[in-house]
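Peer 1: Right, I'll just put the structure down here and ask away after.
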Amino acid sequence: MMSSQKFKILMVAVALVALAYIVPHSSSFVVLLATRALVFAILAMSLDILLGFTGLPSLGQAAYFGVGAYLTAILATKFHVGLGWDFWLVVIYGMLIGAALAALFGLFAIRATGVYFLMITLALGQCVWGLAYRWNSLTGGDNGISVTARPTFGLDLTNERTFFFLVFGFFLFTLISLYVLVQSPFGRSLAGIRERELRMQILGYNTWLHKYIAFVIAGAFGGLSGVLWAHTNGLVSPETVVLTTSVDALLMVVLGGAGTLVGGVIGSVIVFGLREYLSTLVPWWQYVLGGVYVLTILYLPTGLMGIPARIRQARGSSDKSTKSATPEKLVPTPS
Amino acid sequence: MTGTLRRRLLSMLLGGIVLGLGMNASARAEELRIGFIAPMTGIFAQIGKDMVNGFQMYLDEHKGKLGGADVKFVVEDNQGKGDAAVTKAKKLVLSDKAQMFIGGLLASTGYALAPVSNEEKTLYIPSIPAADDLTQRQISKYPYVFRTTWTSSQPHHPLGKWACEQGHKKIVTIAADYAFGYEVVGGFQKAFEDCGGKIIQKLWPRLGEKDFGPYIPQIKSDADAVFSLMVGPMALQFPKQLRQSGFKKPILGGGTSYDEFILPFMGDFAIGDVSALQYSAAIQTPKNEAFVKTYRANYGKVPSYYSEANYTTAQLIDEAMKKSGGKYPGAEKFIAIMSNIKLDAVRGPVHFEDRNPVQNIYIKKVEKKKMFGYPKAELWNVVIKTYPNVSQYWTYGKEKFLKQPVYDKNYPPCKYCE
């Protein structure tokens with residue numbers, strides 16, 4: 001068991017090193033897409049803490065993404081904060097505001113489960129969208145806010161490759177922190193809540209508090225991805241917080257495999273690859289994306305990360321069937 | 001068709017293979033690479049088609065050449081979204097090595113793309129996005145933006161003056177609740193009130209609203225007329241529901257409330273409504289008649305301003321390329337050349353001031369009649385008055401105009417509202 005876990009970690013590490021090596025040597029458009037995919041991967045991983053590890057399907061993750069992004073944009077354009085070394089402060093502010101909003105929303109949402117949780121998070125997420133859309137003086141309304149300058153602190157972040165490495169760093173930070181989190185006793189108790197909440201309550205766990213803390217942590221990392229998005233995209237508009245961003249994040253997690261962390265990354269890469277790259281080649285890319293979603297949900301309910309297990313299972317069962325088939329052959333059939 | 005499909009499939013396969021390496025379009029000499037961004041999927045897909053058709057028609061008429069250079073015309077779909085537009089614009093510049101990119105639909109897309117033109121030092125022509133400040137208060141912020149069609153408030157200053165001259169005293173405005181709506185209403189209100197009229201109420205249904213039941217009863221009964229700014233399907237619903245409610249007074253509209261994109265789908269209820277824009281398909285000039293006939297023969301519909309705008313954009317690039325000897329001289333020089341061109345466009349004479357057109361604004365009335373020899377009586381935006389040489393600053397003068405803030409939900413303030 002432990003060795004398979006180590007093997008998995010090794011595989012992920014190899015894949016990440018390969019990513020960090022290949023992307024900067026690709027064309028600038030690929031670098032751009034990879035940066036975007038990584039930012040969304042952070043968002044997807046934060047959602048995976050809720051969906052995959054705690055069993056809470058949230059449709060409001062874009063809210064934390066949005067406040068992080070708006071905070072960065074407003075600080076940068078109105079107060080010129082976060083364009084130098086204080087960028088790191090903004091990163092912390094972004095995580096704090098994401099966490100604070102989640103702490104507020106969690107009070108309403110955590111009581112519900114399943115579809116009700118989905119609906120409440122959706123409604124709360126739309127509240128943030130509504131604010132972004134209507135609060136013209138602060139958010140620029142429908143026009144949004146253009147963040148034209150990237151922070152400078154020793155590094156030249158206007159260079160897309162340098163910026164990619166910055167985002168990659170944050171991505172690694174998120175991946176490792178969340179991995180440590182889910183491996184911790186706290187993370188195990190979240191999995192326990194996912195499997196059977198009642199049992200955990202009987203065992204004496206305060207499941208509400210556990211879920212609430214998970215919700216707040218997911219909000220913090222959602223805020224972090226928002227901060228990065230503001231500088232990646234250079235534009236923060238109500239589109240950033242709209243429902244489809246939440247849905248995208250949810251689909252990325254489901255596509256890659258919920259409860260795996262890395263699944264969200266794979267989902268994000270595939271969604272960005274199809275949506276932004278395939279769409280430059282063919283007009284019917286949406287059918288491909290739709291088809292991938294449908295096929296995954298029909299045949300791979302555990303997502304793409306479930307493929308190895310599937311193969312192992314199939315091999316196992318075929319091994320069994322050959323084993324069981326051989327003795328039969330040895331038995332002489334009476335005729 | 002199968003040929004292109006196969007080529008596309010092949011290019012997709014190849015694209016997949018060399019994804020890591022990236023594809024780069026090798027550039028031949030004397031080639032002009034133009035990127036075009038329009039919504040080709042999603043709710044605005046039909047408008048996107050009109051935009052591309054307009055540009056494509058000019059290219060087809062000139063055998064794919066502008067000013068002697070072979071044009072490589074790459075269309076990218078932004079799904080009507082600003083975020084996607086940014087990615088696509090970068091793709092056009094980085095991968096396709098586009099020398100300029102054109103398009104976008106919503107004002108928000110214009111604001112999203114303008115910073116890209118800065119980062120990539122590439123010419124951006126927002127042929128449709130009309131956000132006022134791109135060429136007004138923020139003009140120095142975006143030196144690579146050159147606008148070929150309009151600013152939101154440009155046609156509505158004259159409309160405000162016209163409405164006042166018709167003897168309207170009190171008007172209620174009802175407009176989609178977003179930046180474009182604010183700028184259109186702002187322009188109308190400013191000119192109308194400067195001439196002595198009063199805006200007595202402003203209503204703001206959300207963008208995309210289709211049920212005006214909650215708004216229509218609110219309209220104050222002492223108003224002489226209603227000014228509406230609707231976009232897309234809203235434009236079909238609003239006048240219909242207002243007339244059905246028994247409203248008999250005149251309805252005025254912003255450009256997009258009655259443009260040719262929606263006019264064919266409007267019923268007779270729209271007859272008599274007045275709007276303003278820099279283009280009408282019913283302009284009685286030989287040039288426009290030819291344009292309408294060719295466009296309709298090619299694409300089966302009357303051209304909307306979305307088509308004319310991009311047709312004229314292609315024409316402007318053509319003229320500018322001719323002046324630069326068929327070679328693209330770089331964004332700064334190209335903008336300088338374009339700024340000095342006087343265009344004999346389909347919409348009428350056009351010249352440029354502060355990277356924005358100065359042109360005729362047409363006050364148009366919806367009428368049902370036969371035009372240009374078409375056999376059936378149809379709805380047309382018949383021009384009833386032309387204001388020549390209208391700039392984005394109207395008659396206020398640049399200095400004075402730019403001193404006031406950009407039109408907003410609360411600017412100009414509604415002095416006569418209660």
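Quick note on naming: the chains in the structure tokens go A, B, ... in the order shown, residues restart at 1 in each chain, and ligands are numbered from 1 in order of appearance.
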Run DSSP on the backbone and grab whatever in range 76-223 of chain B lands in helix (DSSP H, G or I); send it over as number ranges by chain.
Peer 2: B: 82-94, 107-120, 132-135, 156-165, 179-194, 216-218
Peer 1: Can you tell me, as a PyMOL selection string, which residues in range 270-388 of chain B count as strand (DSSP E) by DSSP?
Peer 2: chain B and resi 274-277+343-345+348-353+356-369+378-388
Peer 1: One number please: CA of Ala15 in chain A to CA of Leu261 in chain A, in Å, one decimal.
Peer 2: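 Separation between CA of Ala15 in chain A and CA of Leu261 in chain A: 14.1 Å.
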Peer 1: For chain B, work out the contacting residues on chain A at 9 Å, counting only C-alpha atoms, and write them as number ranges by chain.
Peer 2: A: 22-23, 25-30, 32-33, 133-134, 136, 140-148, 158, 233-237, 239-240, 276-283, 286
Peer 1: Please write the residues from the selection above to a file, keeping N, CA and C atoms, as a tab-separated table (two decimals), in the first residue's frame.
Peer 2:
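Once written, result_17.tsv looks like this:
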```tsv
chain	number	residue	atom	x	y	z
A	22	ILE	N	9.21	21.12	-20.20
A	22	ILE	CA	8.70	21.20	-21.58
A	22	ILE	C	8.08	22.56	-21.87
A	23	VAL	N	7.21	23.02	-20.94
A	23	VAL	CA	6.42	24.21	-21.25
A	23	VAL	C	7.27	25.42	-21.64
A	25	HIS	N	9.94	25.62	-23.06
A	25	HIS	CA	10.59	25.45	-24.36
A	25	HIS	C	9.57	25.40	-25.49
A	26	SER	N	8.29	25.58	-25.17
A	26	SER	CA	7.28	25.55	-26.22
A	26	SER	C	7.02	26.95	-26.73
A	27	SER	N	6.09	27.04	-27.67
A	27	SER	CA	5.76	28.36	-28.22
A	27	SER	C	5.07	29.19	-27.14
A	28	SER	N	5.10	30.49	-27.33
A	28	SER	CA	4.59	31.37	-26.27
A	28	SER	C	3.11	31.16	-26.02
A	29	PHE	N	2.38	30.72	-27.05
A	29	PHE	CA	0.96	30.49	-26.85
A	29	PHE	C	0.73	29.31	-25.91
A	30	VAL	N	1.56	28.29	-26.05
A	30	VAL	CA	1.45	27.13	-25.17
A	30	VAL	C	1.77	27.54	-23.73
A	32	LEU	N	1.31	30.41	-22.43
A	32	LEU	CA	0.14	31.17	-21.98
A	32	LEU	C	-0.97	30.24	-21.51
A	33	LEU	N	-1.25	29.24	-22.34
A	33	LEU	CA	-2.32	28.30	-21.99
A	33	LEU	C	-1.96	27.52	-20.74
A	133	TYR	N	-21.32	42.82	-10.71
A	133	TYR	CA	-21.98	43.36	-11.89
A	133	TYR	C	-22.59	44.73	-11.61
A	134	ARG	N	-23.11	44.90	-10.38
A	134	ARG	CA	-23.88	46.11	-10.09
A	134	ARG	C	-23.09	47.20	-9.37
A	136	ASN	N	-20.90	49.40	-9.57
A	136	ASN	CA	-20.11	50.01	-10.62
A	136	ASN	C	-18.90	50.78	-10.14
A	140	GLY	N	-16.28	48.45	-11.62
A	140	GLY	CA	-16.34	48.80	-13.03
A	140	GLY	C	-17.49	48.11	-13.75
A	141	GLY	N	-18.40	47.49	-12.99
A	141	GLY	CA	-19.57	46.86	-13.59
A	141	GLY	C	-19.20	45.86	-14.66
A	142	ASP	N	-19.98	45.91	-15.72
A	142	ASP	CA	-19.82	44.95	-16.81
A	142	ASP	C	-18.46	45.08	-17.50
A	143	ASN	N	-17.91	46.30	-17.51
A	143	ASN	CA	-16.63	46.50	-18.20
A	143	ASN	C	-15.46	45.87	-17.45
A	144	GLY	N	-15.64	45.65	-16.17
A	144	GLY	CA	-14.57	45.04	-15.39
A	144	GLY	C	-13.41	45.98	-15.14
A	145	ILE	N	-12.34	45.42	-14.64
A	145	ILE	CA	-11.14	46.20	-14.34
A	145	ILE	C	-9.98	45.59	-15.11
A	146	SER	N	-9.25	46.43	-15.82
A	146	SER	CA	-8.06	45.95	-16.52
A	146	SER	C	-6.84	46.11	-15.62
A	147	VAL	N	-6.15	45.03	-15.40
A	147	VAL	CA	-4.90	45.10	-14.63
A	147	VAL	C	-3.78	45.11	-15.65
A	148	THR	N	-3.25	46.31	-15.92
A	148	THR	CA	-2.32	46.39	-17.03
A	148	THR	C	-0.88	46.11	-16.61
A	158	THR	N	6.61	40.41	-16.80
A	158	THR	CA	5.93	40.61	-18.08
A	158	THR	C	6.37	39.53	-19.06
A	233	ASN	N	-4.65	37.01	-16.52
A	233	ASN	CA	-5.59	37.40	-17.56
A	233	ASN	C	-5.52	38.89	-17.86
A	234	GLY	N	-5.14	39.68	-16.86
A	234	GLY	CA	-5.07	41.12	-17.08
A	234	GLY	C	-6.44	41.78	-17.08
A	235	LEU	N	-7.48	41.03	-16.80
A	235	LEU	CA	-8.83	41.58	-16.81
A	235	LEU	C	-9.65	40.84	-15.78
A	236	VAL	N	-10.33	41.59	-14.94
A	236	VAL	CA	-11.26	40.97	-13.99
A	236	VAL	C	-12.63	41.56	-14.27
A	237	SER	N	-13.57	40.74	-14.63
A	237	SER	CA	-14.91	41.22	-14.93
A	237	SER	C	-15.92	40.26	-14.31
A	239	GLU	N	-17.62	38.22	-15.56
A	239	GLU	CA	-17.43	36.90	-16.16
A	239	GLU	C	-16.55	35.98	-15.31
A	240	THR	N	-15.61	36.62	-14.59
A	240	THR	CA	-14.70	35.85	-13.77
A	240	THR	C	-15.44	35.13	-12.65
A	276	GLU	N	-9.40	26.16	-25.44
A	276	GLU	CA	-8.62	27.27	-25.99
A	276	GLU	C	-7.77	26.86	-27.19
A	277	TYR	N	-7.36	25.59	-27.23
A	277	TYR	CA	-6.49	25.20	-28.34
A	277	TYR	C	-7.28	24.59	-29.49
A	278	LEU	N	-8.12	23.60	-29.16
A	278	LEU	CA	-8.91	22.96	-30.21
A	278	LEU	C	-9.82	23.98	-30.89
A	279	SER	N	-10.30	24.96	-30.11
A	279	SER	CA	-11.23	25.93	-30.69
A	279	SER	C	-10.55	26.82	-31.72
A	280	THR	N	-9.21	26.87	-31.71
A	280	THR	CA	-8.54	27.65	-32.74
A	280	THR	C	-8.41	26.83	-34.03
A	281	LEU	N	-8.68	25.54	-33.93
A	281	LEU	CA	-8.50	24.68	-35.10
A	281	LEU	C	-9.82	24.30	-35.76
A	282	VAL	N	-10.82	23.98	-34.96
A	282	VAL	CA	-12.09	23.53	-35.53
A	282	VAL	C	-13.24	24.27	-34.86
A	283	PRO	N	-14.33	24.47	-35.60
A	283	PRO	CA	-15.46	25.17	-34.99
A	283	PRO	C	-16.32	24.26	-34.10
A	286	GLN	N	-16.84	22.34	-29.25
A	286	GLN	CA	-17.74	22.18	-28.10
A	286	GLN	C	-18.31	20.76	-28.03
```
Peer 1: Compile the contact shell of range 222-227 of chain B as an MDAnalysis selection string: residues with an atom at most 6 Å away, counting only C-alpha atoms, same-chain residues fewer than 3 positions apart removed.
Peer 2: chainID B and resid 168 170:173 249:253
Peer 1: Using the selection just defined, write its residues with N, CA and C atoms as a compact mmCIF listing (two decimals), in the first residue's frame.
Peer 2:
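Output file part_30.txt follows:
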```txt
# COMPACT_ATOMS: atom_id res chain seq x y z
N HIS B 168 -40.53 67.43 -27.66
CA HIS B 168 -40.67 66.60 -26.46
C HIS B 168 -40.13 67.36 -25.26
N LYS B 170 -40.73 66.03 -21.71
CA LYS B 170 -40.42 65.10 -20.62
C LYS B 170 -40.28 63.69 -21.18
N ILE B 171 -39.15 63.07 -20.90
CA ILE B 171 -38.91 61.73 -21.44
C ILE B 171 -38.48 60.80 -20.31
N VAL B 172 -38.98 59.57 -20.41
CA VAL B 172 -38.56 58.51 -19.49
C VAL B 172 -37.59 57.61 -20.24
N THR B 173 -36.46 57.28 -19.63
CA THR B 173 -35.53 56.37 -20.30
C THR B 173 -35.63 54.99 -19.65
N LYS B 249 -47.77 56.89 -27.04
CA LYS B 249 -46.83 57.99 -27.28
C LYS B 249 -45.61 57.52 -28.07
N PRO B 250 -44.81 58.45 -28.58
CA PRO B 250 -43.66 58.04 -29.39
C PRO B 250 -42.63 57.24 -28.58
N ILE B 251 -41.98 56.30 -29.25
CA ILE B 251 -40.86 55.58 -28.64
C ILE B 251 -39.61 55.92 -29.43
N LEU B 252 -38.59 56.39 -28.73
CA LEU B 252 -37.29 56.62 -29.35
C LEU B 252 -36.37 55.49 -28.89
N GLY B 253 -35.32 55.26 -29.66
CA GLY B 253 -34.45 54.15 -29.26
C GLY B 253 -32.99 54.43 -29.54
```
Peer 1: Could you list, as a PyMOL selection string, every residue within 8 Å of Phe238 in chain B, counting only C-alpha atoms and ignoring same-chain residues fewer than 5 positions away?
Peer 2: chain B and resi 210-212+230
Peer 1: Give me, as a PyMOL selection string, all polymer residues having an atom no more than 10 Å from range 196-211 of chain A, counting only C-alpha atoms and skipping those fewer than 5 positions away in the same chain.
Peer 2: chain A and resi 50+54-56+106-107+110-111+186-187+189-191+216-217
Peer 1: Could you save the residues just selected, with N, CA and C atoms, as a CSV table (one decimal), in the first residue's frame?
Peer 2:
```csv
chain,number,residue,atom,x,y,z
A,50,LEU,N,-13.3,20.0,-1.1
A,50,LEU,CA,-14.7,19.9,-0.7
A,50,LEU,C,-15.4,18.7,-1.4
A,54,THR,N,-14.4,15.8,1.2
A,54,THR,CA,-15.4,16.0,2.2
A,54,THR,C,-16.8,15.6,1.7
A,55,GLY,N,-16.9,15.4,0.4
A,55,GLY,CA,-18.2,15.0,-0.2
A,55,GLY,C,-19.2,16.2,-0.2
A,56,LEU,N,-18.7,17.4,-0.4
A,56,LEU,CA,-19.6,18.6,-0.5
A,56,LEU,C,-19.5,19.2,-1.9
A,106,GLY,N,-20.0,29.8,4.7
A,106,GLY,CA,-20.0,28.5,5.4
A,106,GLY,C,-21.1,28.4,6.4
A,107,LEU,N,-21.3,29.5,7.1
A,107,LEU,CA,-22.4,29.6,8.2
A,107,LEU,C,-23.7,29.2,7.6
A,110,ILE,N,-23.0,25.1,5.3
A,110,ILE,CA,-22.5,23.8,5.8
A,110,ILE,C,-23.6,23.0,6.4
A,111,ARG,N,-24.7,23.7,6.9
A,111,ARG,CA,-25.8,22.9,7.5
A,111,ARG,C,-26.4,21.9,6.4
A,186,PHE,N,-6.7,15.3,10.3
A,186,PHE,CA,-7.8,16.1,9.9
A,186,PHE,C,-8.4,15.7,8.6
A,187,GLY,N,-7.5,15.5,7.6
A,187,GLY,CA,-7.9,15.0,6.3
A,187,GLY,C,-8.6,13.7,6.3
A,189,SER,N,-10.3,12.5,8.8
A,189,SER,CA,-11.6,12.6,9.4
A,189,SER,C,-12.6,13.2,8.4
A,190,LEU,N,-12.0,14.1,7.4
A,190,LEU,CA,-12.9,14.6,6.4
A,190,LEU,C,-13.4,13.4,5.5
A,191,ALA,N,-12.4,12.5,5.2
A,191,ALA,CA,-12.8,11.4,4.4
A,191,ALA,C,-13.9,10.5,5.1
A,216,VAL,N,-13.5,26.7,4.7
A,216,VAL,CA,-12.7,27.9,4.8
A,216,VAL,C,-11.4,27.8,4.1
A,217,ILE,N,-10.7,26.6,4.3
A,217,ILE,CA,-9.4,26.3,3.6
A,217,ILE,C,-9.6,26.4,2.1
```
Peer 1: From the options A:Leu96, A:Gly66, A:Phe215, A:Glu160, which residue's atoms come nearest to Ala109 in chain A, counting only C-alpha atoms?
Peer 2: A:Phe215
Peer 1: Need to verify the contact set: Val71 in chain B, 9 Å, only C-alpha atoms, exclusion of same-chain residues closer than 6 positions in sequence. Can you return it as a PyMOL selection string?
Peer 2: chain B and resi 30-34+59+64-65
Peer 1: Mind giving me the straight-line distance from CA of Asp344 in chain B to CA of Phe36 in chain B in Å, one decimal?
Peer 2: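 Atom-to-atom, CA of Asp344 in chain B to CA of Phe36 in chain B, that is 23.2 Å.
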Peer 1: Within 10 Å of range 133-137 of chain B, counting only C-alpha atoms, which residues qualify if same-chain residues fewer than 3 places away don't, as an MDAnalysis selection string?
Peer 2: chainID B and resid 107 110:111 114 126 129:130 140:143 145:147 150:152 183 353:356 392:393 398 401:407
Peer 1: Once you have the residues from the selection above, write them out as an mmCIF file, in the first residue's frame, restricted to N, CA and C atoms.
Peer 2:
```cif
data_model
loop_
_atom_site.group_PDB
_atom_site.id
_atom_site.type_symbol
_atom_site.label_atom_id
_atom_site.label_comp_id
_atom_site.auth_asym_id
_atom_site.auth_seq_id
_atom_site.Cartn_x
_atom_site.Cartn_y
_atom_site.Cartn_z
ATOM 1 N N ALA B 107 -18.792 46.016 -25.268
ATOM 2 C CA ALA B 107 -17.874 47.050 -24.787
ATOM 3 C C ALA B 107 -16.852 46.440 -23.834
ATOM 4 N N GLY B 110 -14.016 45.076 -25.593
ATOM 5 C CA GLY B 110 -13.114 46.146 -26.012
ATOM 6 C C GLY B 110 -12.127 46.502 -24.904
ATOM 7 N N TYR B 111 -12.651 46.646 -23.690
ATOM 8 C CA TYR B 111 -11.781 46.954 -22.558
ATOM 9 C C TYR B 111 -10.834 45.802 -22.246
ATOM 10 N N ALA B 114 -8.026 45.933 -25.305
ATOM 11 C CA ALA B 114 -7.138 47.090 -25.420
ATOM 12 C C ALA B 114 -5.803 46.870 -24.686
ATOM 13 N N PRO B 126 -11.148 47.993 -32.495
ATOM 14 C CA PRO B 126 -12.445 47.557 -31.966
ATOM 15 C C PRO B 126 -13.538 48.018 -32.923
ATOM 16 N N PRO B 129 -16.984 47.222 -30.471
ATOM 17 C CA PRO B 129 -17.054 47.711 -29.082
ATOM 18 C C PRO B 129 -17.016 49.235 -29.018
ATOM 19 N N ALA B 130 -18.011 49.806 -28.350
ATOM 20 C CA ALA B 130 -18.212 51.246 -28.461
ATOM 21 C C ALA B 130 -17.868 52.009 -27.188
ATOM 22 N N SER B 140 -4.828 57.968 -24.181
ATOM 23 C CA SER B 140 -3.369 57.905 -24.123
ATOM 24 C C SER B 140 -2.895 56.616 -23.458
ATOM 25 N N LYS B 141 -3.800 55.983 -22.746
ATOM 26 C CA LYS B 141 -3.451 54.727 -22.083
ATOM 27 C C LYS B 141 -3.311 53.602 -23.106
ATOM 28 N N TYR B 142 -4.072 53.709 -24.204
ATOM 29 C CA TYR B 142 -4.071 52.640 -25.205
ATOM 30 C C TYR B 142 -3.655 53.182 -26.569
ATOM 31 N N PRO B 143 -2.347 53.386 -26.785
ATOM 32 C CA PRO B 143 -1.917 54.037 -28.029
ATOM 33 C C PRO B 143 -2.085 53.170 -29.283
ATOM 34 N N VAL B 145 -4.857 51.452 -30.067
ATOM 35 C CA VAL B 145 -6.268 51.220 -30.380
ATOM 36 C C VAL B 145 -6.729 52.257 -31.394
ATOM 37 N N PHE B 146 -7.371 51.797 -32.450
ATOM 38 C CA PHE B 146 -7.917 52.699 -33.459
ATOM 39 C C PHE B 146 -9.336 52.255 -33.758
ATOM 40 N N ARG B 147 -10.275 53.178 -33.587
ATOM 41 C CA ARG B 147 -11.672 52.777 -33.714
ATOM 42 C C ARG B 147 -12.232 53.191 -35.058
ATOM 43 N N TRP B 150 -17.793 53.599 -33.920
ATOM 44 C CA TRP B 150 -18.539 54.561 -33.105
ATOM 45 C C TRP B 150 -18.179 54.478 -31.644
ATOM 46 N N THR B 151 -18.548 55.523 -30.912
ATOM 47 C CA THR B 151 -18.578 55.452 -29.464
ATOM 48 C C THR B 151 -20.048 55.430 -29.065
ATOM 49 N N SER B 152 -20.326 54.843 -27.911
ATOM 50 C CA SER B 152 -21.722 54.611 -27.510
ATOM 51 C C SER B 152 -22.574 55.876 -27.568
ATOM 52 N N GLU B 183 -23.883 54.722 -21.086
ATOM 53 C CA GLU B 183 -23.259 55.694 -21.990
ATOM 54 C C GLU B 183 -24.248 56.191 -23.039
ATOM 55 N N GLU B 353 -10.773 61.591 -35.983
ATOM 56 C CA GLU B 353 -10.257 62.539 -35.015
ATOM 57 C C GLU B 353 -10.019 61.747 -33.731
ATOM 58 N N ASP B 354 -8.842 61.844 -33.200
ATOM 59 C CA ASP B 354 -8.512 61.090 -31.987
ATOM 60 C C ASP B 354 -8.848 59.607 -32.123
ATOM 61 N N ARG B 355 -8.426 59.039 -33.227
ATOM 62 C CA ARG B 355 -8.590 57.613 -33.485
ATOM 63 C C ARG B 355 -10.041 57.143 -33.400
ATOM 64 N N ASN B 356 -10.952 58.039 -33.716
ATOM 65 C CA ASN B 356 -12.370 57.697 -33.719
ATOM 66 C C ASN B 356 -13.012 58.399 -34.914
ATOM 67 N N GLN B 392 -17.123 62.390 -31.697
ATOM 68 C CA GLN B 392 -17.499 61.804 -30.413
ATOM 69 C C GLN B 392 -17.719 62.871 -29.343
ATOM 70 N N TYR B 393 -17.258 64.108 -29.623
ATOM 71 C CA TYR B 393 -17.438 65.174 -28.627
ATOM 72 C C TYR B 393 -18.663 66.029 -28.915
ATOM 73 N N LYS B 398 -13.749 69.351 -27.507
ATOM 74 C CA LYS B 398 -13.023 68.271 -26.861
ATOM 75 C C LYS B 398 -12.691 68.563 -25.401
ATOM 76 N N PHE B 401 -15.696 68.673 -23.100
ATOM 77 C CA PHE B 401 -16.345 67.365 -23.014
ATOM 78 C C PHE B 401 -15.551 66.419 -22.116
ATOM 79 N N LEU B 402 -14.241 66.419 -22.294
ATOM 80 C CA LEU B 402 -13.420 65.466 -21.540
ATOM 81 C C LEU B 402 -13.304 65.841 -20.067
ATOM 82 N N LYS B 403 -13.703 67.085 -19.738
ATOM 83 C CA LYS B 403 -13.651 67.479 -18.329
ATOM 84 C C LYS B 403 -14.722 66.779 -17.510
ATOM 85 N N GLN B 404 -15.854 66.493 -18.163
ATOM 86 C CA GLN B 404 -16.904 65.807 -17.401
ATOM 87 C C GLN B 404 -16.539 64.316 -17.306
ATOM 88 N N PRO B 405 -17.043 63.647 -16.261
ATOM 89 C CA PRO B 405 -16.722 62.213 -16.140
ATOM 90 C C PRO B 405 -17.430 61.406 -17.227
ATOM 91 N N VAL B 406 -17.005 60.166 -17.406
ATOM 92 C CA VAL B 406 -17.644 59.321 -18.415
ATOM 93 C C VAL B 406 -19.090 59.072 -17.979
ATOM 94 N N TYR B 407 -19.989 58.985 -18.979
ATOM 95 C CA TYR B 407 -21.411 58.768 -18.667
ATOM 96 C C TYR B 407 -21.571 57.504 -17.850
#
```
Peer 1: Rank nothing, just name the residue among A:Pro308, A:Gly114, A:Pro151, A:Gly303 nearest to Val91 in chain A, using only C-alpha atoms.
Peer 2: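 The closest residue to Val91 in chain A is A:Pro151.
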Peer 1: What does the structure give for the distance between CA of Glu332 in chain B and CA of Thr122 in chain B, in Å to one decimal?
Peer 2: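 Interatomic distance, CA of Glu332 in chain B to CA of Thr122 in chain B: 9.0 Å.
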